[in-house]
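Next comes model08.pdb, a file with PDB, C-alpha atoms.
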```pdb
ATOM      1  CA  MET X   1     130.304   2.249 269.198
ATOM      2  CA  VAL X   2     134.000   2.328 268.222
ATOM      3  CA  THR X   3     135.316   5.747 267.189
ATOM      4  CA  ILE X   4     138.440   7.043 265.447
ATOM      5  CA  LYS X   5     139.714   8.157 268.874
ATOM      6  CA  ASP X   6     139.503   4.555 270.126
ATOM      7  CA  ILE X   7     141.576   3.336 267.185
ATOM      8  CA  ALA X   8     144.083   6.161 267.694
ATOM      9  CA  LYS X   9     144.523   5.208 271.365
ATOM     10  CA  ALA X  10     145.067   1.516 270.497
ATOM     11  CA  ALA X  11     147.536   2.372 267.720
ATOM     12  CA  GLY X  12     149.382   5.033 269.689
ATOM     13  CA  VAL X  13     148.843   7.704 267.038
ATOM     14  CA  SER X  14     146.717  10.831 266.653
ATOM     15  CA  PRO X  15     143.073  10.712 265.479
ATOM     16  CA  SER X  16     144.036  12.709 262.377
ATOM     17  CA  THR X  17     146.569  10.012 261.442
ATOM     18  CA  VAL X  18     143.874   7.349 261.776
ATOM     19  CA  SER X  19     141.509   9.387 259.592
ATOM     20  CA  ARG X  20     144.142   9.832 256.888
ATOM     21  CA  ALA X  21     145.073   6.137 256.992
ATOM     22  CA  LEU X  22     141.462   4.994 256.629
ATOM     23  CA  ASN X  23     141.095   7.332 253.645
ATOM     24  CA  ASP X  24     144.299   6.013 252.003
ATOM     25  CA  SER X  25     146.145   9.319 252.234
ATOM     26  CA  PRO X  26     149.539   9.241 250.467
ATOM     27  CA  LEU X  27     150.937  11.160 253.469
ATOM     28  CA  ILE X  28     150.756   7.993 255.619
ATOM     29  CA  ARG X  29     153.235   5.103 255.277
ATOM     30  CA  GLU X  30     151.794   1.833 253.948
ATOM     31  CA  SER X  31     152.879  -0.071 257.046
ATOM     32  CA  THR X  32     151.031   2.420 259.259
ATOM     33  CA  LYS X  33     147.932   2.191 257.065
ATOM     34  CA  GLU X  34     147.899  -1.590 257.297
ATOM     35  CA  LYS X  35     148.310  -1.510 261.086
ATOM     36  CA  ILE X  36     145.504   1.024 261.560
ATOM     37  CA  LYS X  37     143.124  -0.770 259.168
ATOM     38  CA  ARG X  38     143.820  -4.085 260.945
ATOM     39  CA  LEU X  39     143.075  -2.513 264.333
ATOM     40  CA  ALA X  40     139.897  -0.879 262.951
ATOM     41  CA  ALA X  41     138.666  -4.269 261.748
ATOM     42  CA  GLU X  42     139.527  -5.992 265.035
ATOM     43  CA  LEU X  43     137.744  -3.328 267.086
ATOM     44  CA  GLY X  44     134.664  -3.464 264.819
ATOM     45  CA  TYR X  45     134.905   0.113 263.560
ATOM     46  CA  GLU X  46     132.223   1.191 261.062
ATOM     47  CA  ARG X  47     132.441   4.377 259.056
ATOM     48  CA  ASN X  48     129.706   6.970 259.417
ATOM     49  CA  GLU X  49     129.056   7.415 255.701
ATOM     50  CA  LEU X  50     126.460  10.155 256.257
ATOM     51  CA  ALA X  51     128.959  12.220 258.238
ATOM     52  CA  ARG X  52     131.601  11.674 255.555
ATOM     53  CA  SER X  53     129.181  12.785 252.842
ATOM     54  CA  LEU X  54     128.328  15.937 254.801
ATOM     55  CA  VAL X  55     132.020  16.807 255.106
ATOM     56  CA  LYS X  56     133.045  15.898 251.551
ATOM     57  CA  GLY X  57     129.785  16.793 249.828
ATOM     58  CA  LYS X  58     129.836  13.338 248.193
ATOM     59  CA  SER X  59     127.895  10.207 249.152
ATOM     60  CA  ARG X  60     129.193   7.945 246.361
ATOM     61  CA  ALA X  61     125.607   6.795 245.930
ATOM     62  CA  LEU X  62     123.202   7.005 242.998
ATOM     63  CA  GLY X  63     119.422   7.043 243.176
ATOM     64  CA  LEU X  64     117.544   4.830 240.700
ATOM     65  CA  ILE X  65     113.819   5.510 240.283
ATOM     66  CA  VAL X  66     111.734   2.876 238.469
ATOM     67  CA  PRO X  67     107.947   2.598 238.014
ATOM     68  CA  ASP X  68     107.757  -1.187 238.517
ATOM     69  CA  ILE X  69     110.730  -3.342 239.472
ATOM     70  CA  THR X  70     108.642  -6.516 238.913
ATOM     71  CA  ASN X  71     108.668  -5.673 235.200
ATOM     72  CA  PRO X  72     111.767  -7.477 233.814
ATOM     73  CA  PHE X  73     112.414  -4.506 231.521
ATOM     74  CA  PHE X  74     113.202  -2.234 234.481
ATOM     75  CA  ALA X  75     115.008  -5.008 236.338
ATOM     76  CA  GLU X  76     117.375  -5.336 233.374
ATOM     77  CA  ILE X  77     118.007  -1.570 233.360
ATOM     78  CA  ALA X  78     118.749  -1.767 237.093
ATOM     79  CA  LYS X  79     121.215  -4.586 236.445
ATOM     80  CA  GLY X  80     123.147  -2.417 233.975
ATOM     81  CA  VAL X  81     123.177   0.529 236.396
ATOM     82  CA  GLU X  82     124.333  -1.614 239.320
ATOM     83  CA  GLU X  83     127.191  -3.206 237.397
ATOM     84  CA  VAL X  84     128.718   0.150 236.446
ATOM     85  CA  ALA X  85     128.129   1.632 239.907
ATOM     86  CA  GLN X  86     129.788  -1.263 241.693
ATOM     87  CA  ALA X  87     132.794  -1.210 239.371
ATOM     88  CA  ARG X  88     133.237   2.540 239.950
ATOM     89  CA  GLY X  89     132.802   2.370 243.752
ATOM     90  CA  TYR X  90     129.237   3.706 243.981
ATOM     91  CA  GLY X  91     126.180   2.320 245.727
ATOM     92  CA  VAL X  92     122.644   2.371 244.280
ATOM     93  CA  ILE X  93     119.467   3.273 246.175
ATOM     94  CA  LEU X  94     116.477   1.731 244.357
ATOM     95  CA  CYS X  95     113.070   3.427 244.532
ATOM     96  CA  ASP X  96     109.963   1.704 243.085
ATOM     97  CA  THR X  97     107.157   4.235 242.511
ATOM     98  CA  GLY X  98     104.411   1.799 241.502
ATOM     99  CA  ASP X  99     103.709   4.147 238.563
ATOM    100  CA  ASP X 100     102.468   6.810 241.010
ATOM    101  CA  PRO X 101     103.611  10.389 240.151
ATOM    102  CA  LYS X 102     103.231  11.455 243.809
ATOM    103  CA  LYS X 103     105.471   8.615 244.999
ATOM    104  CA  GLU X 104     107.953   9.541 242.281
ATOM    105  CA  ARG X 105     108.121  13.101 243.549
ATOM    106  CA  ASP X 106     108.387  11.893 247.163
ATOM    107  CA  TYR X 107     111.243   9.557 246.276
ATOM    108  CA  GLY X 108     113.003  12.352 244.398
ATOM    109  CA  LEU X 109     112.822  14.470 247.568
ATOM    110  CA  LEU X 110     113.987  11.545 249.721
ATOM    111  CA  LEU X 111     117.035  10.974 247.504
ATOM    112  CA  ARG X 112     117.958  14.660 247.766
ATOM    113  CA  ARG X 113     117.682  14.466 251.565
ATOM    114  CA  LYS X 114     119.895  11.370 251.518
ATOM    115  CA  ARG X 115     122.397  13.470 249.552
ATOM    116  CA  VAL X 116     122.825  10.986 246.714
ATOM    117  CA  ASP X 117     125.261  12.315 244.151
ATOM    118  CA  GLY X 118     122.978  11.839 241.125
ATOM    119  CA  GLN X 119     119.725  10.269 239.976
ATOM    120  CA  ILE X 120     118.746   7.866 237.183
ATOM    121  CA  ILE X 121     115.050   8.159 236.374
ATOM    122  CA  THR X 122     113.157   5.564 234.316
ATOM    123  CA  SER X 123     109.551   6.639 234.859
ATOM    124  CA  VAL X 124     107.608   6.667 231.586
ATOM    125  CA  SER X 125     105.183   9.469 232.472
ATOM    126  CA  LEU X 126     105.003  12.479 230.180
ATOM    127  CA  GLU X 127     104.731  14.655 233.291
ATOM    128  CA  ASP X 128     107.830  16.000 235.040
ATOM    129  CA  PRO X 129     106.912  16.112 238.729
ATOM    130  CA  PHE X 130     110.352  17.129 239.990
ATOM    131  CA  LEU X 131     112.832  17.429 237.094
ATOM    132  CA  LEU X 132     112.670  21.228 237.198
ATOM    133  CA  GLU X 133     113.661  21.087 240.876
ATOM    134  CA  LEU X 134     116.653  18.852 240.100
ATOM    135  CA  GLU X 135     117.697  21.245 237.335
ATOM    136  CA  ARG X 136     117.295  24.267 239.597
ATOM    137  CA  GLU X 137     119.310  22.654 242.416
ATOM    138  CA  LYS X 138     121.990  21.503 239.943
ATOM    139  CA  ILE X 139     121.635  17.846 240.931
ATOM    140  CA  PRO X 140     123.006  15.660 238.096
ATOM    141  CA  PHE X 141     120.448  13.246 236.633
ATOM    142  CA  VAL X 142     119.755  11.236 233.498
ATOM    143  CA  LEU X 143     116.547   9.812 232.022
ATOM    144  CA  VAL X 144     116.310   6.253 230.712
ATOM    145  CA  SER X 145     113.620   5.088 228.254
ATOM    146  CA  ARG X 146     111.975   8.512 228.162
ATOM    147  CA  ILE X 147     112.579  12.159 227.311
ATOM    148  CA  SER X 148     111.355  15.303 229.034
ATOM    149  CA  GLN X 149     108.804  17.688 227.543
ATOM    150  CA  THR X 150     109.831  20.602 229.766
ATOM    151  CA  VAL X 151     113.523  20.198 230.660
ATOM    152  CA  ASP X 152     116.572  19.860 228.423
ATOM    153  CA  ALA X 153     117.441  16.626 230.188
ATOM    154  CA  PRO X 154     120.091  14.043 229.267
ATOM    155  CA  TYR X 155     118.661  10.698 228.187
ATOM    156  CA  VAL X 156     119.216   7.196 226.851
ATOM    157  CA  ILE X 157     116.257   5.890 224.861
ATOM    158  CA  VAL X 158     115.407   3.386 222.183
ATOM    159  CA  ASN X 159     113.800   4.535 218.932
ATOM    160  CA  ASP X 160     110.206   3.665 219.922
ATOM    161  CA  ARG X 161     108.759   4.793 216.607
ATOM    162  CA  LEU X 162     111.104   2.588 214.595
ATOM    163  CA  GLY X 163     110.437  -0.360 216.901
ATOM    164  CA  ALA X 164     106.669  -0.110 216.456
ATOM    165  CA  GLN X 165     107.131   0.241 212.693
ATOM    166  CA  LEU X 166     109.207  -2.961 212.606
ATOM    167  CA  ALA X 167     106.489  -4.842 214.478
ATOM    168  CA  VAL X 168     103.572  -3.699 212.322
ATOM    169  CA  GLU X 169     105.499  -4.018 209.033
ATOM    170  CA  HIS X 170     106.291  -7.622 210.005
ATOM    171  CA  LEU X 171     102.604  -8.420 210.469
ATOM    172  CA  ILE X 172     101.682  -6.758 207.164
ATOM    173  CA  SER X 173     104.450  -8.676 205.374
ATOM    174  CA  LEU X 174     102.806 -11.901 206.566
ATOM    175  CA  GLY X 175      99.534 -10.818 204.924
ATOM    176  CA  HIS X 176      97.648  -9.381 207.902
ATOM    177  CA  THR X 177      95.287  -6.485 207.268
ATOM    178  CA  LYS X 178      93.175  -6.774 210.437
ATOM    179  CA  ILE X 179      95.740  -5.611 212.989
ATOM    180  CA  ALA X 180      94.844  -4.244 216.424
ATOM    181  CA  CYS X 181      97.100  -2.371 218.841
ATOM    182  CA  ILE X 182      97.177  -2.620 222.627
ATOM    183  CA  SER X 183      99.443   0.189 223.802
ATOM    184  CA  GLY X 184     100.420   1.584 227.179
ATOM    185  CA  PRO X 185      98.703   4.505 228.946
ATOM    186  CA  LYS X 186      98.220   7.618 226.801
ATOM    187  CA  GLY X 187     100.084   9.709 229.366
ATOM    188  CA  THR X 188     103.323   7.796 228.795
ATOM    189  CA  GLU X 189     105.981   8.361 226.160
ATOM    190  CA  PRO X 190     106.104   4.725 224.901
ATOM    191  CA  GLY X 191     102.323   4.332 225.052
ATOM    192  CA  HIS X 192     101.775   7.446 222.954
ATOM    193  CA  VAL X 193     104.602   7.027 220.422
ATOM    194  CA  ARG X 194     104.159   3.291 219.746
ATOM    195  CA  ALA X 195     100.409   3.640 219.126
ATOM    196  CA  GLU X 196     101.020   6.639 216.860
ATOM    197  CA  ALA X 197     103.629   4.716 214.831
ATOM    198  CA  TYR X 198     101.216   1.781 214.464
ATOM    199  CA  GLU X 199      98.589   4.100 212.962
ATOM    200  CA  GLU X 200     101.154   5.706 210.633
ATOM    201  CA  VAL X 201     102.220   2.324 209.208
ATOM    202  CA  LEU X 202      98.609   1.231 208.617
ATOM    203  CA  ALA X 203      97.879   4.533 206.855
ATOM    204  CA  ALA X 204     101.004   4.193 204.695
ATOM    205  CA  HIS X 205      99.713   0.807 203.486
ATOM    206  CA  GLY X 206      96.181   2.088 202.943
ATOM    207  CA  LEU X 207      94.781  -0.082 205.746
ATOM    208  CA  ARG X 208      91.866   1.018 207.897
ATOM    209  CA  VAL X 209      90.682  -0.618 211.112
ATOM    210  CA  PRO X 210      87.976   0.350 213.647
ATOM    211  CA  ARG X 211      89.064   3.070 216.078
ATOM    212  CA  SER X 212      88.118   0.719 218.910
ATOM    213  CA  TRP X 213      90.954  -1.594 217.845
ATOM    214  CA  VAL X 214      93.474   0.877 219.295
ATOM    215  CA  LYS X 215      93.388   0.306 223.043
ATOM    216  CA  HIS X 216      95.391   1.845 225.877
ATOM    217  CA  THR X 217      96.028  -0.010 229.135
ATOM    218  CA  GLU X 218      98.650  -0.442 231.854
ATOM    219  CA  PHE X 219     102.003  -1.952 230.880
ATOM    220  CA  THR X 220     101.009  -5.154 232.698
ATOM    221  CA  TRP X 221     100.015  -8.750 232.045
ATOM    222  CA  GLU X 222      96.557  -8.041 233.516
ATOM    223  CA  GLY X 223      96.038  -4.975 231.322
ATOM    224  CA  GLY X 224      96.946  -6.931 228.189
ATOM    225  CA  GLU X 225      94.627  -9.799 229.069
ATOM    226  CA  ARG X 226      91.708  -7.468 229.789
ATOM    227  CA  ALA X 227      92.132  -5.538 226.524
ATOM    228  CA  ALA X 228      92.598  -8.717 224.454
ATOM    229  CA  LEU X 229      89.486 -10.377 225.909
ATOM    230  CA  ASP X 230      87.511  -7.357 224.742
ATOM    231  CA  LEU X 231      89.028  -7.380 221.230
ATOM    232  CA  LEU X 232      88.766 -11.133 220.724
ATOM    233  CA  GLY X 233      85.263 -11.330 222.145
ATOM    234  CA  ARG X 234      83.804  -9.242 219.308
ATOM    235  CA  ARG X 235      82.173 -10.508 216.130
ATOM    236  CA  GLN X 236      84.571  -8.420 214.052
ATOM    237  CA  ARG X 237      87.965  -9.314 215.480
ATOM    238  CA  PRO X 238      91.615  -8.850 214.477
ATOM    239  CA  THR X 239      93.868 -11.577 213.123
ATOM    240  CA  ALA X 240      96.937  -9.914 214.684
ATOM    241  CA  ILE X 241      97.729  -7.771 217.717
ATOM    242  CA  PHE X 242     100.697  -5.483 218.222
ATOM    243  CA  ALA X 243     101.337  -5.135 221.970
ATOM    244  CA  ALA X 244     103.358  -2.141 223.170
ATOM    245  CA  ASN X 245     105.373  -4.244 225.617
ATOM    246  CA  ASP X 246     105.997  -7.915 226.318
ATOM    247  CA  LEU X 247     103.929  -8.037 229.512
ATOM    248  CA  ILE X 248     100.896  -6.813 227.554
ATOM    249  CA  ALA X 249     101.705  -9.431 224.885
ATOM    250  CA  LEU X 250     101.817 -12.191 227.513
ATOM    251  CA  GLY X 251      98.391 -11.051 228.696
ATOM    252  CA  VAL X 252      97.157 -11.344 225.089
ATOM    253  CA  LEU X 253      98.439 -14.934 224.946
ATOM    254  CA  VAL X 254      96.590 -15.733 228.176
ATOM    255  CA  ALA X 255      93.352 -14.243 226.781
ATOM    256  CA  ALA X 256      93.719 -16.216 223.551
ATOM    257  CA  HIS X 257      94.221 -19.422 225.526
ATOM    258  CA  LYS X 258      91.113 -18.760 227.621
ATOM    259  CA  LEU X 259      89.016 -18.184 224.478
ATOM    260  CA  GLY X 260      90.437 -21.194 222.651
ATOM    261  CA  THR X 261      92.068 -19.004 219.991
ATOM    262  CA  ALA X 262      95.129 -20.725 218.535
ATOM    263  CA  VAL X 263      98.351 -18.676 218.349
ATOM    264  CA  PRO X 264      99.668 -18.135 215.686
ATOM    265  CA  ARG X 265      97.238 -20.110 213.474
ATOM    266  CA  GLU X 266      94.241 -17.893 214.307
ATOM    267  CA  LEU X 267      95.953 -14.924 215.958
ATOM    268  CA  SER X 268      99.456 -13.476 215.562
ATOM    269  CA  VAL X 269     101.010 -11.529 218.458
ATOM    270  CA  VAL X 270     104.038  -9.207 218.507
ATOM    271  CA  GLY X 271     105.433  -7.682 221.707
ATOM    272  CA  PHE X 272     108.027  -5.028 222.506
ATOM    273  CA  ASP X 273     111.106  -5.257 224.832
ATOM    274  CA  ASP X 274     112.327  -8.876 224.499
ATOM    275  CA  ILE X 275     112.272  -9.583 228.241
ATOM    276  CA  ALA X 276     113.699 -12.888 229.467
ATOM    277  CA  TYR X 277     110.271 -14.605 229.488
ATOM    278  CA  ALA X 278     109.771 -13.908 225.771
ATOM    279  CA  SER X 279     112.232 -16.592 224.652
ATOM    280  CA  LEU X 280     110.955 -19.379 226.938
ATOM    281  CA  PRO X 281     110.135 -22.556 224.939
ATOM    282  CA  LEU X 282     106.427 -22.478 225.884
ATOM    283  CA  ILE X 283     106.102 -18.816 224.815
ATOM    284  CA  GLU X 284     108.550 -18.079 221.937
ATOM    285  CA  LEU X 285     107.179 -14.547 221.549
ATOM    286  CA  THR X 286     107.925 -12.535 218.419
ATOM    287  CA  THR X 287     108.971  -9.143 219.742
ATOM    288  CA  VAL X 288     110.959  -5.958 219.239
ATOM    289  CA  ALA X 289     114.170  -6.180 221.259
ATOM    290  CA  GLN X 290     115.486  -3.206 223.193
ATOM    291  CA  PRO X 291     119.123  -3.107 224.393
ATOM    292  CA  THR X 292     117.764  -2.702 227.924
ATOM    293  CA  TYR X 293     120.851  -3.643 229.926
ATOM    294  CA  ARG X 294     122.986  -1.347 227.765
ATOM    295  CA  MET X 295     120.600   1.560 228.383
ATOM    296  CA  GLY X 296     121.113   1.268 232.136
ATOM    297  CA  TYR X 297     124.857   0.761 231.698
ATOM    298  CA  LEU X 298     125.313   3.830 229.470
ATOM    299  CA  ALA X 299     123.195   6.022 231.754
ATOM    300  CA  ALA X 300     125.174   5.102 234.876
ATOM    301  CA  GLU X 301     128.515   5.402 233.087
ATOM    302  CA  TRP X 302     127.705   8.899 231.822
ATOM    303  CA  LEU X 303     126.311  10.065 235.180
ATOM    304  CA  ILE X 304     129.369   8.898 237.133
ATOM    305  CA  ASP X 305     131.670  10.511 234.551
ATOM    306  CA  VAL X 306     129.802  13.790 235.089
ATOM    307  CA  LEU X 307     130.062  13.444 238.873
ATOM    308  CA  GLU X 308     133.810  12.893 238.570
ATOM    309  CA  GLY X 309     134.296  15.830 236.197
ATOM    310  CA  ARG X 310     135.105  13.749 233.128
ATOM    311  CA  ARG X 311     132.195  14.858 230.923
ATOM    312  CA  ARG X 312     130.404  18.116 230.232
ATOM    313  CA  LYS X 313     128.263  17.430 227.166
ATOM    314  CA  ARG X 314     124.688  16.286 227.850
ATOM    315  CA  LEU X 315     123.928  12.700 226.933
ATOM    316  CA  LYS X 316     121.468  12.371 224.019
ATOM    317  CA  LYS X 317     121.604   8.704 223.070
ATOM    318  CA  VAL X 318     119.035   6.989 220.835
ATOM    319  CA  LEU X 319     119.576   3.237 220.402
ATOM    320  CA  LYS X 320     118.181   1.076 217.619
ATOM    321  CA  PRO X 321     115.667  -1.699 218.308
ATOM    322  CA  ARG X 322     115.569  -4.948 216.321
ATOM    323  CA  LEU X 323     112.820  -7.392 215.413
ATOM    324  CA  VAL X 324     113.139 -10.909 216.845
ATOM    325  CA  VAL X 325     110.867 -13.338 214.998
ATOM    326  CA  ARG X 326     109.816 -16.403 216.977
ATOM    327  CA  LYS X 327     106.673 -18.551 217.001
ATOM    328  CA  THR X 328     103.736 -16.238 217.780
ATOM    329  CA  THR X 329     103.405 -14.817 214.274
ATOM    330  CA  ALA X 330     102.272 -16.476 211.035
ATOM    331  CA  PRO X 331     100.141 -15.638 207.968
ATOM    332  CA  PRO X 332      96.457 -14.958 208.750
ATOM    333  CA  PRO X 333      93.947 -17.816 208.569
ATOM    334  CA  PRO X 334      92.409 -18.296 205.097
TER
END
```
Using the file provided, produce a representation of the structure as C-alpha cells.
Amino acid sequence: MVTIKDIAKAAGVSPSTVSRALNDSPLIRESTKEKIKRLAAELGYERNELARSLVKGKSRALGLIVPDITNPFFAEIAKGVEEVAQARGYGVILCDTGDDPKKERDYGLLLRRKRVDGQIITSVSLEDPFLLELEREKIPFVLVSRISQTVDAPYVIVNDRLGAQLAVEHLISLGHTKIACISGPKGTEPGHVRAEAYEEVLAAHGLRVPRSWVKHTEFTWEGGERAALDLLGRRQRPTAIFAANDLIALGVLVAAHKLGTAVPRELSVVGFDDIAYASLPLIELTTVAQPTYRMGYLAAEWLIDVLEGRRRKRLKKVLKPRLVVRKTTAPPPP
C-alpha cells in the first residue's frame, strides 16, 4: 500500500509537504501541488479517509436512514439529499431499516461509530429510539416527513392534515358520502394524522360511516390490497376510498381489478404522495402531491450549513401539499 512517505521519496520532498499539497494548502506552490498529485496518482495512492476523519474530527459524510428504500417516496427524498451532498463535497451512507425500530437504533449507532458528521432521519414511527442519544451527544440531525414527540428536533414535513383534507373534500365535492379510509399504521405520524383528518372532514359535512371503514395497514401495495379486499367484499361497501399513500392506493386498484369493480365508475380512489407510478397512463391516480425531492434537498442543505457553521436556528419547515386530479375519481354510481 502506497504511503505519503513513498510519495515524498519519489518527489524529493518531506512527508509534511506531500500532506499539505494533497490537502490543497495555500502554503505550497501550485506547481509543487500538481507534481505531487500527479505522482500520487501514478503510484496508486489512496487516502485513508477514516484516519483523516479521526484527525480532523470530520468525515464529510452524512447518514440517511429510511424505512423502505423500495418505496419511491423515500427514494425521491434520497435523491434530493444526494444531490445537495454531492454538490457540497459530502458522501451519503444509506441505511434501510425495513420499518424495524431495532434496526433503526442499530443503524443510528453504526453511523455514530463511522463518525458521520450528521444524520437525516425519515422513519415515520412515533417512537424515538435514539434521538435523545443524538441530542445528548450533540450530533447534528434533521427529521424528514415526521416530527418528534420527545425531542425539540429540526424537521422538514408536509402538512399531512391539509393533504388529507384536500383528498376527502375532493371526493365529497364529487357527491360521495360513502367514503372509506385505508391509512398507515397507527404508530406512525402520517398514519395517525391522515386518518384523523379524514374523520374531521366527514364530521364537518355531517357524514357518518361504519367504524370498520377506517382501516390501518402497512404503507405497502400488499397492505392496501388486503384492506381493500375486505372493504369491497362486504355487502355494505364504500363508493370511494382515501388511501394514506400511493402504494396503498395501488393495492386498492389491484383489489378492485380482482373483484371486477370498475374504477372510477363504481369506485373512486385517491392516494397521497404522487410517486412516479401515479402518473403512468395505465394508472392515472388522483393523489395528493408532496414536494418529496425538495424535502430531502432542504434537509441536506440545512444540515450541511449547520455542520459548516453557517446556521444556528433550528429548521422548522412545513410545506404545502396539492391535489392532483387524474382518472381514478368520478361521481358515485347512481
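In this comparison, which uses all atoms listed in the file, the residue of X:Leu174, X:Ala164, X:Leu43, X:Val151 approaching Glu199 in chain X most closely is X:Ala164.
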- Item | Selection near range 12-29 of chain X, 12 Å with only C-alpha atoms, sequence-local residues under 5 positions removed, as a ChimeraX atom specification | /X:3-7,34-41,45-47,52,56
Within 10 Å of range 261-276 of chain X: each range 27-98 of chain X residue with its shortest pair, all atoms listed in the file, as a tab-separated table:
```
residue	atom	partner	partner_atom	distance
X:Asn71	CA	X:Ile275	CA	8.8
X:Pro72	CA	X:Ile275	CA	6.0
X:Phe73	CA	X:Ile275	CA	6.0
X:Phe74	CA	X:Ile275	CA	9.7
X:Ala75	CA	X:Ile275	CA	9.7
X:Glu76	CA	X:Ile275	CA	8.4
```
Hey, could you make a per-residue contact list for range 239-329 of chain X against range 213-221 of chain X with 6 Å as the cut-off, showing the nearest pair of atoms and its distance in Å to one decimal, counting only C-alpha atoms, sorted by chain and number, as a tab-separated table?
```
residue	atom	partner	partner_atom	distance
X:Leu247	CA	X:Trp221	CA	4.7
X:Ile248	CA	X:Trp221	CA	5.0
X:Leu250	CA	X:Trp221	CA	6.0
X:Gly251	CA	X:Trp221	CA	4.4
```
- Task: Write out as a list in words which residues come within 8 Å of Ala240 in chain X when counting all atoms listed in the file, dropping same-chain ones fewer than 2 positions away.
- Result: Leu171, His176, Lys178, Ile179, Ala180, Pro238, Phe242, Leu267, Ser268, Val269 and Pro332 of chain X
For C-alpha atoms, I'd like the residues from the last selection saved as a PDB file, in the frame of the given file.
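And here is the file that came out, out_21.pdb:
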```pdb
ATOM      1  CA  LEU X 171     102.604  -8.420 210.469  1.00  0.00           C
ATOM      2  CA  HIS X 176      97.648  -9.381 207.902  1.00  0.00           C
ATOM      3  CA  LYS X 178      93.175  -6.774 210.437  1.00  0.00           C
ATOM      4  CA  ILE X 179      95.740  -5.611 212.989  1.00  0.00           C
ATOM      5  CA  ALA X 180      94.844  -4.244 216.424  1.00  0.00           C
ATOM      6  CA  PRO X 238      91.615  -8.850 214.477  1.00  0.00           C
ATOM      7  CA  PHE X 242     100.697  -5.483 218.222  1.00  0.00           C
ATOM      8  CA  LEU X 267      95.953 -14.924 215.958  1.00  0.00           C
ATOM      9  CA  SER X 268      99.456 -13.476 215.562  1.00  0.00           C
ATOM     10  CA  VAL X 269     101.010 -11.529 218.458  1.00  0.00           C
ATOM     11  CA  PRO X 332      96.457 -14.958 208.750  1.00  0.00           C
TER      12      PRO X 332
END
```
Centre and size of axis-aligned box enclosing range 62-68 of chain X plus 6 Å each side, as lines of an AutoDock Vina configuration file:
```
center_x = 115.5
center_y = 2.9
center_z = 240.6
size_x = 27.4
size_y = 20.2
size_z = 17.2
```
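Picture a line from CA of Ala153 in chain X to CA of Phe141 in chain X; it runs 7.9 Å.
The coordinates place CA of Thr239 in chain X at 14.7 Å from CA of His257 in chain X.
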- Message: With the PyMOL selection byres ((chain X and resi 158) around 12) as the selection, what would be picked from this file? Answer as a PyMOL selection string, please.
- Response: chain X and resi 143-147+155-157+159-164+189-190+193-194+272-273+288-296+316-322
Keeping only C-alpha atoms, write those residues as a PDB file, keeping the file's coordinate frame.
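In the end it all went to result_5.pdb:
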```
ATOM      1  CA  LEU X 143     116.547   9.812 232.022  1.00  0.00           C
ATOM      2  CA  VAL X 144     116.310   6.253 230.712  1.00  0.00           C
ATOM      3  CA  SER X 145     113.620   5.088 228.254  1.00  0.00           C
ATOM      4  CA  ARG X 146     111.975   8.512 228.162  1.00  0.00           C
ATOM      5  CA  ILE X 147     112.579  12.159 227.311  1.00  0.00           C
ATOM      6  CA  TYR X 155     118.661  10.698 228.187  1.00  0.00           C
ATOM      7  CA  VAL X 156     119.216   7.196 226.851  1.00  0.00           C
ATOM      8  CA  ILE X 157     116.257   5.890 224.861  1.00  0.00           C
ATOM      9  CA  ASN X 159     113.800   4.535 218.932  1.00  0.00           C
ATOM     10  CA  ASP X 160     110.206   3.665 219.922  1.00  0.00           C
ATOM     11  CA  ARG X 161     108.759   4.793 216.607  1.00  0.00           C
ATOM     12  CA  LEU X 162     111.104   2.588 214.595  1.00  0.00           C
ATOM     13  CA  GLY X 163     110.437  -0.360 216.901  1.00  0.00           C
ATOM     14  CA  ALA X 164     106.669  -0.110 216.456  1.00  0.00           C
ATOM     15  CA  GLU X 189     105.981   8.361 226.160  1.00  0.00           C
ATOM     16  CA  PRO X 190     106.104   4.725 224.901  1.00  0.00           C
ATOM     17  CA  VAL X 193     104.602   7.027 220.422  1.00  0.00           C
ATOM     18  CA  ARG X 194     104.159   3.291 219.746  1.00  0.00           C
ATOM     19  CA  PHE X 272     108.027  -5.028 222.506  1.00  0.00           C
ATOM     20  CA  ASP X 273     111.106  -5.257 224.832  1.00  0.00           C
ATOM     21  CA  VAL X 288     110.959  -5.958 219.239  1.00  0.00           C
ATOM     22  CA  ALA X 289     114.170  -6.180 221.259  1.00  0.00           C
ATOM     23  CA  GLN X 290     115.486  -3.206 223.193  1.00  0.00           C
ATOM     24  CA  PRO X 291     119.123  -3.107 224.393  1.00  0.00           C
ATOM     25  CA  THR X 292     117.764  -2.702 227.924  1.00  0.00           C
ATOM     26  CA  TYR X 293     120.851  -3.643 229.926  1.00  0.00           C
ATOM     27  CA  ARG X 294     122.986  -1.347 227.765  1.00  0.00           C
ATOM     28  CA  MET X 295     120.600   1.560 228.383  1.00  0.00           C
ATOM     29  CA  GLY X 296     121.113   1.268 232.136  1.00  0.00           C
ATOM     30  CA  LYS X 316     121.468  12.371 224.019  1.00  0.00           C
ATOM     31  CA  LYS X 317     121.604   8.704 223.070  1.00  0.00           C
ATOM     32  CA  VAL X 318     119.035   6.989 220.835  1.00  0.00           C
ATOM     33  CA  LEU X 319     119.576   3.237 220.402  1.00  0.00           C
ATOM     34  CA  LYS X 320     118.181   1.076 217.619  1.00  0.00           C
ATOM     35  CA  PRO X 321     115.667  -1.699 218.308  1.00  0.00           C
ATOM     36  CA  ARG X 322     115.569  -4.948 216.321  1.00  0.00           C
TER      37      ARG X 322
END
```
- Task: Give as a PyMOL selection string the set of residues within 10 Å of the point (105.5, -3.0, 211.0), where distances use the file's coordinates and only C-alpha atoms.
- Result: chain X and resi 162-173+197-198+200-202+242+270+323
